[in-house]
Structures are given as C-alpha cells and as structure tokens.
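K.L.:
Enclosed is the structure file start32.pdb (PDB, C-alpha atoms).
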ATOM      1  CA  MET A1156      17.759 -43.803   8.129
ATOM      2  CA  LYS A1157      14.502 -43.113  10.006
ATOM      3  CA  LYS A1158      16.359 -40.934  12.529
ATOM      4  CA  LYS A1159      17.941 -38.885   9.732
ATOM      5  CA  LEU A1160      14.571 -38.414   8.014
ATOM      6  CA  LEU A1161      12.914 -37.400  11.295
ATOM      7  CA  LEU A1162      15.745 -34.936  12.002
ATOM      8  CA  LEU A1163      15.382 -33.488   8.478
ATOM      9  CA  LEU A1164      11.610 -33.083   8.902
ATOM     10  CA  LEU A1165      12.053 -31.407  12.296
ATOM     11  CA  SER A1166      14.659 -29.067  10.821
ATOM     12  CA  VAL A1167      12.372 -28.088   7.941
ATOM     13  CA  ALA A1168       9.429 -27.619  10.328
ATOM     14  CA  SER A1169      11.454 -25.377  12.631
ATOM     15  CA  ILE A1170      12.830 -23.295   9.742
ATOM     16  CA  SER A1171       9.371 -22.775   8.263
ATOM     17  CA  GLY A1172       8.066 -21.921  11.731
ATOM     18  CA  PHE A1173      10.664 -19.147  12.049
ATOM     19  CA  SER A1174       9.867 -17.703   8.637
ATOM     20  CA  GLN A1175       6.348 -16.681   9.654
ATOM     21  CA  ASN A1176       5.333 -13.171  10.746
ATOM     22  CA  ASN A1177       7.961 -11.265   8.794
ATOM     23  CA  TYR A1178       6.451  -7.823   8.238
ATOM     24  CA  LEU A1179       7.296  -4.178   8.704
ATOM     25  CA  ASP A1180       6.271  -2.719  12.086
ATOM     26  CA  PHE A1181       5.526   1.039  12.040
ATOM     27  CA  ASP A1182       5.154   3.101  15.239
ATOM     28  CA  GLY A1183       3.086   5.964  13.758
ATOM     29  CA  VAL A1184       5.742   8.492  14.755
ATOM     30  CA  ASN A1185       8.642   8.472  12.299
ATOM     31  CA  ASP A1186       9.056   5.030  10.701
ATOM     32  CA  ASN A1187       8.979   4.786   6.926
ATOM     33  CA  VAL A1188      10.484   3.065   3.921
ATOM     34  CA  PHE A1189      11.687   4.996   0.867
ATOM     35  CA  VAL A1190      12.192   2.896  -2.241
ATOM     36  CA  THR A1191      15.293   4.441  -3.778
ATOM     37  CA  GLY A1192      15.184   4.636  -7.568
ATOM     38  CA  SER A1193      11.418   4.134  -7.673
ATOM     39  CA  GLU A1194      10.620   7.485  -9.282
ATOM     40  CA  ASN A1195      10.207   6.107 -12.787
ATOM     41  CA  ILE A1196       9.221   2.466 -12.201
ATOM     42  CA  LEU A1197       5.698   3.160 -13.501
ATOM     43  CA  SER A1198       6.607   6.015 -15.903
ATOM     44  CA  GLY A1199       4.425   6.354 -18.964
ATOM     45  CA  SER A1200       2.298   3.341 -18.054
ATOM     46  CA  SER A1201      -1.342   3.348 -19.059
ATOM     47  CA  THR A1202      -2.197   0.521 -16.630
ATOM     48  CA  ILE A1203      -0.814   0.085 -13.088
ATOM     49  CA  SER A1204      -1.529  -1.822  -9.891
ATOM     50  CA  MET A1205      -0.418  -1.781  -6.285
ATOM     51  CA  SER A1206      -1.148  -4.176  -3.464
ATOM     52  CA  CYS A1207      -0.385  -4.335   0.238
ATOM     53  CA  LYS A1208      -1.390  -6.242   3.319
ATOM     54  CA  VAL A1209      -1.958  -3.962   6.298
ATOM     55  CA  TYR A1210      -2.666  -4.456   9.981
ATOM     56  CA  PRO A1211      -3.794  -0.993  11.127
ATOM     57  CA  LYS A1212      -3.724  -0.169  14.849
ATOM     58  CA  ASN A1213      -4.667   3.536  14.899
ATOM     59  CA  ALA A1214      -8.332   3.921  15.876
ATOM     60  CA  ASN A1215      -8.312   7.724  15.503
ATOM     61  CA  PRO A1216      -6.290   8.946  12.520
ATOM     62  CA  SER A1217      -7.172  12.479  11.484
ATOM     63  CA  PHE A1218      -5.684  15.408   9.621
ATOM     64  CA  PRO A1219      -2.824  16.260   9.767
ATOM     65  CA  ALA A1220      -1.899  12.736  10.859
ATOM     66  CA  PHE A1221      -3.657  10.239   8.578
ATOM     67  CA  ASP A1222      -2.077   6.780   8.430
ATOM     68  CA  VAL A1223      -0.441   5.827   5.131
ATOM     69  CA  PHE A1224      -0.128   2.317   3.788
ATOM     70  CA  ALA A1225       1.897   2.868   0.598
ATOM     71  CA  GLY A1226       2.195   4.886  -2.571
ATOM     72  CA  TYR A1227       3.332   7.916  -4.491
ATOM     73  CA  ARG A1228       2.049  11.416  -3.786
ATOM     74  CA  ASN A1229       2.993  14.822  -5.161
ATOM     75  CA  ASP A1230      -0.454  16.467  -5.493
ATOM     76  CA  SER A1231       0.183  17.945  -8.912
ATOM     77  CA  TYR A1232       0.876  15.369 -11.614
ATOM     78  CA  PHE A1233       1.023  11.894 -10.050
ATOM     79  CA  ASP A1234      -0.595  10.239  -7.061
ATOM     80  CA  PHE A1235      -1.108   6.519  -6.557
ATOM     81  CA  TYR A1236      -1.617   5.680  -2.910
ATOM     82  CA  ILE A1237      -3.780   4.173  -0.164
ATOM     83  CA  ILE A1238      -4.206   5.974   3.182
ATOM     84  CA  GLN A1239      -6.318   5.410   6.307
ATOM     85  CA  LEU A1240      -8.713   8.299   7.000
ATOM     86  CA  SER A1241     -10.573   6.936  10.046
ATOM     87  CA  SER A1242     -10.855   3.766  12.090
ATOM     88  CA  SER A1243     -12.737   2.096   9.221
ATOM     89  CA  THR A1244     -12.234   4.274   6.109
ATOM     90  CA  ILE A1245      -9.453   4.332   3.544
ATOM     91  CA  GLU A1246      -8.805   6.612   0.593
ATOM     92  CA  ALA A1247      -7.230   5.364  -2.623
ATOM     93  CA  ARG A1248      -6.204   7.813  -5.339
ATOM     94  CA  PHE A1249      -4.827   7.914  -8.857
ATOM     95  CA  ARG A1250      -3.819  11.310 -10.253
ATOM     96  CA  ASN A1251      -2.861  11.167 -13.913
ATOM     97  CA  SER A1252      -0.071  13.074 -15.674
ATOM     98  CA  SER A1253      -2.540  15.872 -16.537
ATOM     99  CA  GLY A1254      -3.201  16.455 -12.828
ATOM    100  CA  VAL A1255      -6.736  15.001 -12.790
ATOM    101  CA  ALA A1256      -7.379  13.141  -9.520
ATOM    102  CA  TYR A1257      -9.662  10.119  -9.137
ATOM    103  CA  THR A1258     -10.399   9.272  -5.511
ATOM    104  CA  LEU A1259     -12.085   6.193  -4.054
ATOM    105  CA  THR A1260     -13.133   5.665  -0.446
ATOM    106  CA  TYR A1261     -14.005   2.440   1.313
ATOM    107  CA  SER A1262     -15.421   2.042   4.815
ATOM    108  CA  GLY A1263     -14.627  -1.626   5.430
ATOM    109  CA  LEU A1264     -11.180  -1.373   6.992
ATOM    110  CA  VAL A1265     -10.865  -3.582  10.071
ATOM    111  CA  LEU A1266      -8.494  -2.545  12.857
ATOM    112  CA  ASN A1267      -6.132  -4.995  14.542
ATOM    113  CA  GLN A1268      -6.340  -7.626  11.835
ATOM    114  CA  TRP A1269      -4.820  -8.166   8.405
ATOM    115  CA  ASN A1270      -6.537  -6.462   5.436
ATOM    116  CA  HIS A1271      -5.321  -7.050   1.856
ATOM    117  CA  PHE A1272      -5.876  -4.247  -0.658
ATOM    118  CA  PHE A1273      -5.321  -3.937  -4.400
ATOM    119  CA  LEU A1274      -5.515  -0.591  -6.207
ATOM    120  CA  VAL A1275      -5.877  -1.165  -9.957
ATOM    121  CA  TYR A1276      -5.964   1.325 -12.810
ATOM    122  CA  ASN A1277      -6.718  -0.315 -16.171
ATOM    123  CA  GLY A1278      -6.763   2.769 -18.407
ATOM    124  CA  SER A1279     -10.548   3.166 -18.127
ATOM    125  CA  TYR A1280     -11.374   2.468 -14.467
ATOM    126  CA  LEU A1281      -9.796   2.869 -11.077
ATOM    127  CA  SER A1282     -10.770  -0.014  -8.798
ATOM    128  CA  LEU A1283     -10.083  -0.888  -5.188
ATOM    129  CA  PHE A1284     -10.246  -4.476  -4.024
ATOM    130  CA  SER A1285     -10.342  -5.795  -0.491
ATOM    131  CA  GLY A1286      -9.066  -9.317  -0.943
ATOM    132  CA  SER A1287     -10.705 -10.559  -4.122
ATOM    133  CA  THR A1288     -13.820  -8.375  -3.732
ATOM    134  CA  GLU A1289     -14.117  -5.104  -5.625
ATOM    135  CA  VAL A1290     -15.244  -2.558  -3.021
ATOM    136  CA  ALA A1291     -15.057   0.710  -5.001
ATOM    137  CA  SER A1292     -14.516   1.815  -8.593
ATOM    138  CA  MET A1293     -14.981   4.753 -10.933
ATOM    139  CA  ALA A1294     -14.290   5.717 -14.516
ATOM    140  CA  ALA A1295     -10.789   7.191 -14.890
ATOM    141  CA  THR A1296      -8.464   8.106 -17.750
ATOM    142  CA  GLY A1297      -4.902   9.222 -18.368
ATOM    143  CA  SER A1298      -1.452   7.826 -17.794
ATOM    144  CA  VAL A1299       1.450   7.966 -15.398
ATOM    145  CA  PRO A1300       3.825  10.838 -16.212
ATOM    146  CA  ILE A1301       6.858  10.056 -18.358
ATOM    147  CA  THR A1302       9.096  11.678 -15.740
ATOM    148  CA  ASN A1303       8.153  11.344 -12.095
ATOM    149  CA  THR A1304      10.023  12.957  -9.213
ATOM    150  CA  SER A1305       8.038  11.244  -6.427
ATOM    151  CA  ILE A1306       9.553   8.346  -4.513
ATOM    152  CA  PHE A1307       7.471   5.277  -3.670
ATOM    153  CA  ARG A1308       6.999   5.116   0.085
ATOM    154  CA  ILE A1309       5.736   2.516   2.500
ATOM    155  CA  GLY A1310       4.342   3.644   5.840
ATOM    156  CA  SER A1311       4.577   7.385   5.140
ATOM    157  CA  ILE A1312       3.675  10.094   2.652
ATOM    158  CA  ILE A1313       4.313  13.807   2.730
ATOM    159  CA  TYR A1314       1.281  16.006   2.095
ATOM    160  CA  SER A1315       2.013  19.714   1.925
ATOM    161  CA  ILE A1316       4.253  20.133   4.990
ATOM    162  CA  ASN A1317       2.690  17.235   6.924
ATOM    163  CA  ASN A1318       4.106  13.735   7.247
ATOM    164  CA  PHE A1319       1.487  10.998   7.401
ATOM    165  CA  TYR A1320       2.926   7.945   9.211
ATOM    166  CA  HIS A1321       1.433   4.484   9.668
ATOM    167  CA  ASN A1322       0.746   2.865  13.038
ATOM    168  CA  GLY A1323       0.631  -0.891  12.540
ATOM    169  CA  TYR A1324       2.116  -3.547  10.302
ATOM    170  CA  ILE A1325       2.572  -3.676   6.531
ATOM    171  CA  ASP A1326       3.535  -6.675   4.408
ATOM    172  CA  GLU A1327       3.653  -7.849   0.783
ATOM    173  CA  VAL A1328       3.732  -4.438  -0.916
ATOM    174  CA  SER A1329       4.013  -4.641  -4.709
ATOM    175  CA  LEU A1330       3.733  -2.506  -7.820
ATOM    176  CA  TRP A1331       2.945  -3.606 -11.369
ATOM    177  CA  THR A1332       2.928  -1.892 -14.760
ATOM    178  CA  LYS A1333      -0.217  -3.807 -15.635
ATOM    179  CA  ALA A1334      -3.781  -3.962 -14.406
ATOM    180  CA  LEU A1335      -4.296  -6.999 -12.215
ATOM    181  CA  SER A1336      -7.517  -8.910 -12.710
TER     182      SER A1336
END
Would you kindly transcribe this structure into structure tokens?
P.N.:
Amino acid sequence: MKKKLLLLLLSVASISGFSQNNYLDFDGVNDNVFVTGSENILSGSSTISMSCKVYPKNANPSFPAFDVFAGYRNDSYFDFYIIQLSSSTIEARFRNSSGVAYTLTYSGLVLNQWNHFFLVYNGSYLSLFSGSTEVASMAATGSVPITNTSIFRIGSIIYSINNFYHNGYIDEVSLWTKALS
C-alpha cells in the first residue's frame, strides 16, 4: 500500500512539474494570435477589463515597431490595448464608440521578468494596474461599439500599415464584460 501511495505521489509531482511554464513565446518578428470570433465579445458593454502577464525582452522598442501585449485597435471607434513603448514604458488605451481616446502611460515595466497588468474601464474611469497596485488612471466615459470589426489579438496589433509584434512571453490573457476591482 505504501509503495502504491508513494508511486501515486511521485506521479502527481511529476505531472504538476511538467505543467509549469506554459506560455506563448513571441519572437518579435511575425508571431501573433488572432482570436477568431472575438469582434463582438465586448460589444455594447459599458464596463470592460483585460489582463495579461508579460515577460518583455525588447529593450529598444520604437515606432514603427512597438511591442504589443494584447488588445483591440482600429483607431477610429474602438481601441482597448496595452503596448510597450520603451524599455520601461507601456501605453494602455480605451477608445469609446464615439471615437474619443483615453490613454494612460506607466513607466514601471521591468524587462526580463514577469509583469501582470490589468486594464479596467468602469464607465467613469480608465485604470491600469500592475499586479494589485493602481499605477495610472483618468476619468473616461462612453461604451464599446455595438458592432465591432476589430479582432482581439495577442502579441501583435496593426497600426496604420505597421505591424507591432511582441518580443517575449505572454500568459494568462483574459477579457471581461465587467470592471474588475
């Protein structure tokens, strides 16, 4: 009986050991994830949230090659994304269905380690959290458009004619039709 229990415990330990470090690895050149059918997941919502864990490796992102973590972007009637602007700065944006953009920046990104971000729009404020700490916020109003043609992307976003690709790892990306607290 003891041998069977020990074998079971070793099996469980080895399985849980193999389940670690499952994340998406982006090369910064052409890797990306398109979430098919995601155009209207958030449609008409007055409160939304997105989160992602990122391990950025690009020390020198710059236009036209900023690093993207995740989001929607069409630059006219709906944006909801987080991108890396420099070795330590990210931009988070919500653009409502009327085309009004609300942009937050945060200069606490740490390269070559995991960072966990939450972008939350509660109908009155747009807030960015690093872990459980609010690091930027501003008053914001509006809603997500009823019909959205943008696709939710992970690791890339198209801006004008430029593709922004991520160099690093991304894990635990999620969207909600509510404001997380």
K.L.:
Please evaluate the PyMOL selection byres ((chain A and resi 1272) around 7) against the structure above and give the resulting residues as a count of residues only.
P.N.:
10
K.L.:
Please indicate the distance in Å from CA of Ser1204 (chain A) to CA of Phe1235 (chain A), rounded to one decimal place.
P.N.:
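Distance reported for this atom pair: 9.0 Å.
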K.L.:
Go through the shown structure with the PyMOL selection byres ((chain A and resi 1223) around 7) and write out the matching residues as a ChimeraX atom specification.
P.N.:
/A:1221-1222,1224-1225,1237-1239,1310-1312,1319-1321
K.L.:
Going by the chain IDs and residue numbers used in this file, which residues fall under the PyMOL selection byres ((chain A and resi 1242) around 6)? Write them as a PDB file with C-alpha atoms, in the coordinates of the input.
P.N.:
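Wrote part-v9.pdb, looks like this:
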ATOM      1  CA  ALA A1214      -8.332   3.921  15.876  1.00  0.00           C
ATOM      2  CA  ASN A1215      -8.312   7.724  15.503  1.00  0.00           C
ATOM      3  CA  SER A1241     -10.573   6.936  10.046  1.00  0.00           C
ATOM      4  CA  SER A1243     -12.737   2.096   9.221  1.00  0.00           C
TER       5      SER A1243
END
K.L.:
Have a look at CA of Tyr1324 (chain A) and CA of Ser1282 (chain A) and let me know their distance in Å, one decimal.
P.N.:
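According to the coordinates, CA of Tyr1324 (chain A) and CA of Ser1282 (chain A) are separated by 23.3 Å.
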K.L.:
From the list A:Met1293, A:Asn1317, A:Thr1202, A:Thr1244, which residue is nearest Leu1281 (chain A) when using all atoms listed in the file?
P.N.:
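When distances to Leu1281 (chain A) are compared using all atoms listed in the file, the smallest one comes from A:Met1293.
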K.L.:
Looking at A:Ile1325, A:Ile1313, A:Leu1266, A:Leu1179, which one is nearest to Ala1220 (chain A), with distances taken over only C-alpha atoms?
P.N.:
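Once distances to Ala1220 (chain A) are computed over only C-alpha atoms, the minimum belongs to A:Ile1313.
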K.L.:
Interatomic distance between CA of Asn1213 (chain A) and CA of Leu1240 (chain A)?
P.N.:
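Value for the CA of Asn1213 (chain A)-CA of Leu1240 (chain A) distance: 10.1 Å.
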K.L.:
Find the residue from A:Ser1253, A:Asn1303, A:Ser1262, A:Ser1336 that sits nearest to Asn1229 (chain A); use all atoms listed in the file when measuring.
P.N.:
A:Asn1303
K.L.:
Excluding same-chain residues fewer than 5 positions from region 1307-1309 of chain A, what lies within 7 Å of it counting only C-alpha atoms, as a PyMOL selection string?
P.N.:
chain A and resi 1187-1190+1193-1194+1224-1227
K.L.:
Those same residues - C-alpha atoms - I'd like them written as an mmCIF file, in the frame of the given file.
P.N.:
data_model
loop_
_atom_site.group_PDB
_atom_site.id
_atom_site.type_symbol
_atom_site.label_atom_id
_atom_site.label_comp_id
_atom_site.auth_asym_id
_atom_site.auth_seq_id
_atom_site.Cartn_x
_atom_site.Cartn_y
_atom_site.Cartn_z
ATOM 1 C CA ASN A 1187 8.979 4.786 6.926
ATOM 2 C CA VAL A 1188 10.484 3.065 3.921
ATOM 3 C CA PHE A 1189 11.687 4.996 0.867
ATOM 4 C CA VAL A 1190 12.192 2.896 -2.241
ATOM 5 C CA SER A 1193 11.418 4.134 -7.673
ATOM 6 C CA GLU A 1194 10.620 7.485 -9.282
ATOM 7 C CA PHE A 1224 -0.128 2.317 3.788
ATOM 8 C CA ALA A 1225 1.897 2.868 0.598
ATOM 9 C CA GLY A 1226 2.195 4.886 -2.571
ATOM 10 C CA TYR A 1227 3.332 7.916 -4.491
#
K.L.:
So, counting all atoms listed in the file, which residue among A:Ile1203, A:Val1265, A:Leu1335, A:Leu1283 is closest to Glu1246 (chain A)?
P.N.:
A:Leu1283
K.L.:
So, with only C-alpha atoms as the atoms that count, which of A:Ser1217, A:Ser1231, A:Ser1329, A:Ser1315 lies closest to Val1275 (chain A)?
P.N.:
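Of all the options, A:Ser1329 lies closest to Val1275 (chain A).
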K.L.:
Near Ser1201 (chain A), within 10 Å and counting only C-alpha atoms, which residues show up once chain neighbours fewer than 4 positions away are dropped, as a ChimeraX atom specification?
P.N.:
/A:1197,1251,1276-1279,1296-1300,1332-1334
K.L.:
Could you check which of A:Ile1245, A:Thr1258, A:Tyr1236, A:Val1184 is closest to Met1205 (chain A), using all atoms listed in the file?
P.N.:
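Looking at the shortest contact to Met1205 (chain A), the residue is A:Tyr1236.
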K.L.:
List the residues sitting within 6 Å of (-5.1, -9.5, 11.4) in the file's frame, using all atoms listed in the file, as a PyMOL selection string.
P.N.:
chain A and resi 1210+1267-1269
K.L.:
Assuming 5 Å of padding per side, give the centre and edge lengths of the axis-aligned box around every listed atom of region 1274-1292 of chain A, in Å to one decimal and as AutoDock Vina command-line options.
P.N.:
--center_x -10.4 --center_y -3.7 --center_z -9.4 --size_x 19.7 --size_y 23.7 --size_z 27.9
K.L.:
Kindly complete region 1193-1208 of chain A to N, CA, C and O atoms; the output should be written as an mmCIF file, in the frame of the given file.
P.N.:
data_model
loop_
_atom_site.group_PDB
_atom_site.id
_atom_site.type_symbol
_atom_site.label_atom_id
_atom_site.label_comp_id
_atom_site.auth_asym_id
_atom_site.auth_seq_id
_atom_site.Cartn_x
_atom_site.Cartn_y
_atom_site.Cartn_z
ATOM 1 N N SER A 1193 12.780 4.525 -7.286
ATOM 2 C CA SER A 1193 11.418 4.134 -7.673
ATOM 3 C C SER A 1193 10.678 5.217 -8.453
ATOM 4 O O SER A 1193 9.546 4.988 -8.882
ATOM 5 N N GLU A 1194 11.306 6.353 -8.661
ATOM 6 C CA GLU A 1194 10.620 7.485 -9.282
ATOM 7 C C GLU A 1194 9.993 7.124 -10.626
ATOM 8 O O GLU A 1194 8.900 7.554 -10.932
ATOM 9 N N ASN A 1195 10.682 6.363 -11.429
ATOM 10 C CA ASN A 1195 10.207 6.107 -12.787
ATOM 11 C C ASN A 1195 9.851 4.649 -13.066
ATOM 12 O O ASN A 1195 9.773 4.241 -14.223
ATOM 13 N N ILE A 1196 9.603 3.874 -12.015
ATOM 14 C CA ILE A 1196 9.221 2.466 -12.201
ATOM 15 C C ILE A 1196 7.954 2.354 -13.044
ATOM 16 O O ILE A 1196 7.836 1.492 -13.904
ATOM 17 N N LEU A 1197 6.985 3.228 -12.799
ATOM 18 C CA LEU A 1197 5.698 3.160 -13.501
ATOM 19 C C LEU A 1197 5.591 4.160 -14.653
ATOM 20 O O LEU A 1197 4.546 4.246 -15.301
ATOM 21 N N SER A 1198 6.647 4.910 -14.936
ATOM 22 C CA SER A 1198 6.607 6.015 -15.903
ATOM 23 C C SER A 1198 5.982 5.645 -17.239
ATOM 24 O O SER A 1198 6.335 4.644 -17.852
ATOM 25 N N GLY A 1199 5.063 6.505 -17.669
ATOM 26 C CA GLY A 1199 4.425 6.354 -18.964
ATOM 27 C C GLY A 1199 3.428 5.214 -19.073
ATOM 28 O O GLY A 1199 2.830 5.022 -20.125
ATOM 29 N N SER A 1200 3.216 4.482 -18.007
ATOM 30 C CA SER A 1200 2.298 3.341 -18.054
ATOM 31 C C SER A 1200 0.857 3.806 -18.200
ATOM 32 O O SER A 1200 0.457 4.818 -17.639
ATOM 33 N N SER A 1201 0.086 3.048 -18.931
ATOM 34 C CA SER A 1201 -1.342 3.348 -19.059
ATOM 35 C C SER A 1201 -2.170 2.438 -18.170
ATOM 36 O O SER A 1201 -3.363 2.653 -17.991
ATOM 37 N N THR A 1202 -1.546 1.408 -17.606
ATOM 38 C CA THR A 1202 -2.197 0.521 -16.630
ATOM 39 C C THR A 1202 -1.201 0.250 -15.506
ATOM 40 O O THR A 1202 -0.021 -0.001 -15.768
ATOM 41 N N ILE A 1203 -1.676 0.318 -14.250
ATOM 42 C CA ILE A 1203 -0.814 0.085 -13.088
ATOM 43 C C ILE A 1203 -1.612 -0.557 -11.965
ATOM 44 O O ILE A 1203 -2.836 -0.437 -11.914
ATOM 45 N N SER A 1204 -0.900 -1.213 -11.066
ATOM 46 C CA SER A 1204 -1.529 -1.822 -9.891
ATOM 47 C C SER A 1204 -0.578 -1.759 -8.708
ATOM 48 O O SER A 1204 0.640 -1.727 -8.880
ATOM 49 N N MET A 1205 -1.167 -1.735 -7.530
ATOM 50 C CA MET A 1205 -0.418 -1.781 -6.285
ATOM 51 C C MET A 1205 -1.196 -2.656 -5.311
ATOM 52 O O MET A 1205 -2.425 -2.627 -5.294
ATOM 53 N N SER A 1206 -0.471 -3.416 -4.503
ATOM 54 C CA SER A 1206 -1.148 -4.176 -3.464
ATOM 55 C C SER A 1206 -0.352 -4.084 -2.168
ATOM 56 O O SER A 1206 0.854 -3.832 -2.185
ATOM 57 N N CYS A 1207 -1.049 -4.284 -1.059
ATOM 58 C CA CYS A 1207 -0.385 -4.335 0.238
ATOM 59 C C CYS A 1207 -1.308 -5.008 1.245
ATOM 60 O O CYS A 1207 -2.519 -4.917 1.147
ATOM 61 N N LYS A 1208 -0.676 -5.705 2.168
ATOM 62 C CA LYS A 1208 -1.390 -6.242 3.319
ATOM 63 C C LYS A 1208 -1.087 -5.309 4.486
ATOM 64 O O LYS A 1208 0.064 -4.964 4.716
#
